[in-house]
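One structure is given here, and the rest of the page talks about it.
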Amino acid sequence: MMKKCLIALAALLFATILSACASAARTNVLVYMSGSDLESESASGTADLNEMVAAGIDPDAEVTVLVETGGAQYWHTQGVYARANQIHRVTQEGVSTLKTLPAASMGSGETLAAFLAFARENNPAERTLLVLWGHGDGPDGGVCFDDLHDDDALTPEEIAAALADVEAAGQRVEAVILDACLMSCADLLHALGPHTDYIVASQASTLASGCNYRDWLGLLADAPETDTAALCARIAQSYIETTRHGAFSVASTMSVLDARQSEAVWRAAEALYARLDATLPAGRDALFAARAGVTSFGEEDDGAASNLVDADRLCVALQDIAPKECAALRAAVKRAVLLCESSGKMTGRVCGLSLYMPDESAARSSFLYAHYRPKRQESAYARLILSMADLARSSRGASSAAQRTPAVDRFHIWQGLGAPRPYAGALWEGLEAPST
């Protein structure tokens with residue numbers, strides 16, 4: 001009898017919280033937080049949950065913040081479990097758990113789609129914003145790595161499918177914010193473009209403490225009518241302002257992309273890559289020489305290069321080979337990048353959007369082939385990437401060992417440099433809050 005009463009009480013509490021959520025929210029902010037080692041080793045997820053609490057969103061406000069947690073071996077926030085996925089509501093009063101689920105991969109599109117569906121069904125809103133929080137490793141590596149599921153990560157295509165599902169059910173996601181490294185790229189813009197209006201992402205590696213949630217959620221709390229474009233700009237600007245005072249002041253970027261320009265950018269990128277592919281193999285030396293003149297992201301900030309390069313700087317390097325196509329792509333990118341914030345060595349050297357192009361090192365070949373081979377027939381962009389990778393590996397006499405899939409190398413993804421912003425003690429469990 002007592003057990004039945006407790007179950008009934010829990011169900012009533014859950015229904016009460018959901019009822020409070022469902023009071024005609026103007027904006028849903030959905031944070032999909034795959035904690036990984038960023039949380040278990042550095043408590044970065046806990047830091048950002050504290051920032052969300054500190055943003056001062058009243059439980060009766062027109063803004064609802066829902067967070068799904070998962071993907072970490074250990075959570076430092078009281079009430080957040082490592083061996084489960086949980087959905088929480090965050091207000092100025094703290095973190096309230098709405099639902100606890102069996103552990104599912106945060107790197108699965110199905111898990112993301114289920115989170116979006118939960119928010120739509122239980123808290124319909126006029127506007128929905130999605131934050132993808134976790135490790136990012138470009139289009140071939142993915143985003144939101146899950147430490148409990150073999151570093152499974154969301155691909156751009158999986159994110160797009162989840163957005164399409166919730167849109168088909170009547171709830172379009174107006175903006176996707178990637179609080180992760182290396183995700184402001186043409187591949188992601190192309191995948192997400194049909195299903196959202198704005199994308200906020202970084203071309204470079206990012207701080208583990210990520211976006212300044214206290215700042216931009218605080219803006220929403222004070223002015224819930226703030227339009228989406230202005231809010232996205234505030235996210236980018238407040239992030240860069242934060243980086244000016246820490247270890248990543250040397251090389252930080254954050255962009256706001258107009259997703260409605262995605263098709264124009266992709267057509268221009270396809271045209272350029274088709275033109276370049278047509279020069280091979282005879283034009284191999286000229287193409288690799290041009291590529292060598294453009295620094296890969298990751299190379300400047302902490303030494304482990306990706307195959308992602310700034311779109312504008314790449315076009316400048318390639319303009320003698322394909323002048324017409326480079327000019328068209330530069331113009332398309334300029335229209336798509338609404339805001340490009342940068343600091344340190346990146347200032348004035350980035351356009352806000354990256355392209356994927358391998359160099360002669362044949363780096364990341366396992367990730368590259370796995371991601372782009374299925375696209376070879378349909379995409380000139382993919383064909384050039386594969387052609388360059390093949391040429392690079394043949395010139396280096398690549399062994400079969402180079403073809404084996406390596407473990408995910410996160411060296412280039414920030415691992416806890418510098419002190420995080422202050423923690424709110426109420427959410428800190430079992431550890432002293434770091435001194436700041």
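Naming works like this for the structure tokens: A, B, ... for the chains as they're shown, residue 1 at the start of each chain, ligands 1 onward in shown order.
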
### Message
Which residues are near Arg172 of chain A? Cut-off 9 Å, only C-alpha atoms, ignore same chain within fewer than 6 positions. Put them as a ChimeraX atom specification.
### Response
/A:127-128,163-164,166,195-196

### Query
Just asking: which residues within segment 16-218 of chain A are strand (DSSP E) according to DSSP, as a PyMOL selection string?
chain A and resi 25-34+63-70+84-91+94-102+125-133+143-146+152-154+173-179+198-201

Could you pull the residues within 6 Å of Ala268 of chain A, counting only C-alpha atoms, minus those fewer than 3 positions along the same chain, as a PDB file with N, CA, C and O atoms, in the first residue's frame?
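Saved the output as part_21.pdb:
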```pdb
ATOM      1  N   VAL A 265      25.368  28.116 -50.501  1.00  0.00           N
ATOM      2  CA  VAL A 265      26.754  27.810 -50.125  1.00  0.00           C
ATOM      3  C   VAL A 265      27.144  26.435 -50.641  1.00  0.00           C
ATOM      4  O   VAL A 265      28.240  26.240 -51.192  1.00  0.00           O
ATOM      5  N   ALA A 271      30.551  23.220 -56.819  1.00  0.00           N
ATOM      6  CA  ALA A 271      31.130  23.679 -58.078  1.00  0.00           C
ATOM      7  C   ALA A 271      32.644  23.830 -57.968  1.00  0.00           C
ATOM      8  O   ALA A 271      33.387  23.433 -58.878  1.00  0.00           O
ATOM      9  N   LEU A 329      32.012  31.143 -54.392  1.00  0.00           N
ATOM     10  CA  LEU A 329      31.907  30.574 -53.050  1.00  0.00           C
ATOM     11  C   LEU A 329      32.141  31.640 -51.990  1.00  0.00           C
ATOM     12  O   LEU A 329      31.422  31.686 -50.978  1.00  0.00           O
TER      13      LEU A 329
END
```

Tell me which protein, DNA and RNA residues are within 9 Å of segment 197-205 of chain A, counting only C-alpha atoms, leaving out same-chain ones fewer than 4 positions away, and put them as a compact mmCIF listing (two decimals) with C-alpha atoms, in the first residue's frame.
```txt
# COMPACT_ATOMS: atom_id res chain seq x y z
CA GLY A 136 32.79 18.25 -31.25
CA ASP A 137 35.15 16.89 -33.88
CA GLY A 138 33.99 18.24 -37.22
CA VAL A 173 13.61 24.43 -34.21
CA GLU A 174 14.52 28.05 -34.96
CA ALA A 175 18.17 27.88 -33.95
CA VAL A 176 20.75 25.20 -33.26
CA ILE A 177 23.62 26.23 -30.97
CA LEU A 178 26.64 23.93 -30.98
CA ASP A 179 28.51 24.36 -27.71
CA ALA A 180 31.34 22.20 -29.05
CA CYS A 181 34.57 22.36 -31.01
CA LEU A 182 35.02 22.53 -34.79
CA MET A 183 31.40 22.49 -35.95
CA SER A 184 30.97 25.69 -38.00
CA CYS A 185 31.46 23.97 -41.34
CA LEU A 189 25.21 24.01 -42.64
CA LEU A 192 20.76 21.39 -41.01
CA GLY A 193 19.85 24.21 -43.38
CA THR A 228 16.22 34.78 -32.43
CA ALA A 229 18.84 36.50 -34.59
CA CYS A 232 22.20 34.16 -31.44
CA ALA A 233 24.44 37.21 -31.80
CA ILE A 235 25.52 33.95 -27.60
CA ALA A 236 28.48 34.42 -29.94
CA PHE A 248 41.78 30.32 -25.24
CA ALA A 251 42.51 31.57 -30.81
CA SER A 252 38.74 31.57 -30.44
CA THR A 253 35.88 31.92 -32.90
CA MET A 254 32.08 31.82 -32.82
CA SER A 255 29.79 32.37 -35.79
CA VAL A 256 26.11 32.96 -36.46
CA LEU A 257 25.05 31.36 -39.73
CA ASP A 258 21.91 32.03 -41.75
CA ALA A 259 20.77 28.48 -42.39
CA ARG A 260 18.49 29.70 -45.16
CA PHE A 297 41.79 24.49 -37.32
CA GLY A 298 43.25 22.86 -34.24
CA ASP A 301 45.19 26.69 -30.97
CA ASP A 302 46.66 23.53 -29.46
CA LEU A 308 38.92 21.90 -41.57
CA VAL A 309 40.12 25.18 -43.05
CA ASP A 310 38.64 28.65 -43.28
CA VAL A 350 38.51 33.80 -40.23
CA GLY A 352 33.02 32.20 -39.90
CA LEU A 353 32.65 29.00 -41.95
CA SER A 354 35.01 26.10 -42.64
CA HIS A 412 42.82 19.06 -29.81
CA ILE A 413 39.63 19.40 -27.75
CA TRP A 414 40.10 21.52 -24.64
```

#### Entry: Residues within 12 Å of Phe118 of chain A, only C-alpha atoms, excluding chain neighbours under 6 positions, as a PyMOL selection string
chain A and resi 18+21-22+28+30+66-68+86-88+98-99+111-112+124+166+169+171

### Task
Give me every helix (DSSP H, G or I) residue in segment 22-58 of chain A, going by DSSP on the backbone, as a PyMOL selection string.
chain A and resi 36-40+44-54

Selection file, all heavy atoms, as a compact mmCIF listing (two decimals), in the first residue's frame:
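Once everything was written out, this is result_9.txt:
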```
# COMPACT_ATOMS: atom_id res chain seq x y z
N SER A 36 30.30 13.39 -21.12
CA SER A 36 31.61 12.81 -21.44
C SER A 36 32.63 13.13 -20.35
O SER A 36 32.27 13.36 -19.19
CB SER A 36 32.07 13.27 -22.83
OG SER A 36 32.34 14.66 -22.84
N ASP A 37 33.91 13.15 -20.73
CA ASP A 37 34.94 13.47 -19.75
C ASP A 37 34.95 14.95 -19.39
O ASP A 37 35.57 15.35 -18.40
CB ASP A 37 36.32 13.03 -20.24
CG ASP A 37 36.69 13.64 -21.57
OD1 ASP A 37 35.78 14.04 -22.33
OD2 ASP A 37 37.90 13.71 -21.89
N LEU A 38 34.27 15.77 -20.19
CA LEU A 38 34.16 17.18 -19.84
C LEU A 38 33.48 17.35 -18.49
O LEU A 38 33.83 18.24 -17.71
CB LEU A 38 33.36 17.92 -20.92
CG LEU A 38 34.00 18.03 -22.30
CD1 LEU A 38 33.01 18.59 -23.30
CD2 LEU A 38 35.26 18.88 -22.25
N GLU A 39 32.51 16.49 -18.19
CA GLU A 39 31.85 16.52 -16.89
C GLU A 39 32.56 15.65 -15.87
O GLU A 39 32.85 16.09 -14.76
CB GLU A 39 30.39 16.08 -17.02
CG GLU A 39 29.68 15.84 -15.69
CD GLU A 39 29.58 17.08 -14.80
OE1 GLU A 39 29.76 18.21 -15.31
OE2 GLU A 39 29.33 16.92 -13.60
N SER A 40 32.87 14.41 -16.22
CA SER A 40 33.42 13.50 -15.23
C SER A 40 34.79 13.94 -14.73
O SER A 40 35.11 13.76 -13.55
CB SER A 40 33.50 12.07 -15.79
OG SER A 40 34.32 12.03 -16.95
N SER A 44 32.51 20.37 -16.17
CA SER A 44 32.10 21.47 -17.05
C SER A 44 30.59 21.52 -17.24
O SER A 44 30.01 22.60 -17.37
CB SER A 44 32.79 21.34 -18.41
OG SER A 44 34.19 21.41 -18.27
N GLY A 45 29.95 20.35 -17.29
CA GLY A 45 28.50 20.34 -17.37
C GLY A 45 27.86 20.94 -16.13
O GLY A 45 26.90 21.72 -16.22
N THR A 46 28.39 20.59 -14.97
CA THR A 46 27.91 21.16 -13.72
C THR A 46 28.08 22.67 -13.69
O THR A 46 27.20 23.41 -13.25
CB THR A 46 28.64 20.51 -12.52
OG1 THR A 46 28.20 19.16 -12.40
CG2 THR A 46 28.37 21.26 -11.23
N ALA A 47 29.22 23.14 -14.20
CA ALA A 47 29.45 24.59 -14.27
C ALA A 47 28.37 25.27 -15.09
O ALA A 47 27.84 26.32 -14.70
CB ALA A 47 30.83 24.88 -14.86
N ASP A 48 28.02 24.68 -16.20
CA ASP A 48 27.01 25.31 -17.06
C ASP A 48 25.60 25.17 -16.50
O ASP A 48 24.77 26.07 -16.67
CB ASP A 48 27.10 24.73 -18.47
CG ASP A 48 28.25 25.33 -19.27
OD1 ASP A 48 28.81 26.35 -18.82
OD2 ASP A 48 28.61 24.78 -20.32
N LEU A 49 25.31 24.07 -15.81
CA LEU A 49 24.02 23.98 -15.13
C LEU A 49 23.90 25.07 -14.07
O LEU A 49 22.83 25.67 -13.89
CB LEU A 49 23.86 22.60 -14.49
CG LEU A 49 23.59 21.44 -15.46
CD1 LEU A 49 23.68 20.10 -14.72
CD2 LEU A 49 22.21 21.58 -16.11
N ASN A 50 24.98 25.34 -13.37
CA ASN A 50 24.98 26.42 -12.39
C ASN A 50 24.76 27.78 -13.05
O ASN A 50 24.05 28.64 -12.51
CB ASN A 50 26.29 26.43 -11.61
CG ASN A 50 26.30 25.44 -10.46
OD1 ASN A 50 25.89 25.78 -9.36
ND2 ASN A 50 26.73 24.23 -10.71
N GLU A 51 25.36 27.97 -14.21
CA GLU A 51 25.15 29.22 -14.94
C GLU A 51 23.68 29.37 -15.35
O GLU A 51 23.12 30.47 -15.31
CB GLU A 51 26.03 29.28 -16.18
CG GLU A 51 27.50 29.50 -15.87
CD GLU A 51 28.32 29.72 -17.13
OE1 GLU A 51 27.74 29.71 -18.23
OE2 GLU A 51 29.54 29.90 -17.00
N MET A 52 23.07 28.27 -15.75
CA MET A 52 21.66 28.32 -16.13
C MET A 52 20.78 28.70 -14.95
O MET A 52 19.83 29.49 -15.07
CB MET A 52 21.22 26.97 -16.70
CG MET A 52 21.90 26.60 -18.00
SD MET A 52 21.49 24.90 -18.53
CE MET A 52 22.90 24.54 -19.58
N VAL A 53 21.08 28.15 -13.78
CA VAL A 53 20.35 28.53 -12.57
C VAL A 53 20.55 30.01 -12.27
O VAL A 53 19.61 30.74 -11.96
CB VAL A 53 20.80 27.66 -11.37
CG1 VAL A 53 20.18 28.18 -10.08
CG2 VAL A 53 20.44 26.20 -11.60
N ALA A 54 21.81 30.45 -12.41
CA ALA A 54 22.14 31.84 -12.08
C ALA A 54 21.54 32.83 -13.07
O ALA A 54 21.50 34.04 -12.78
CB ALA A 54 23.66 32.01 -12.04
```
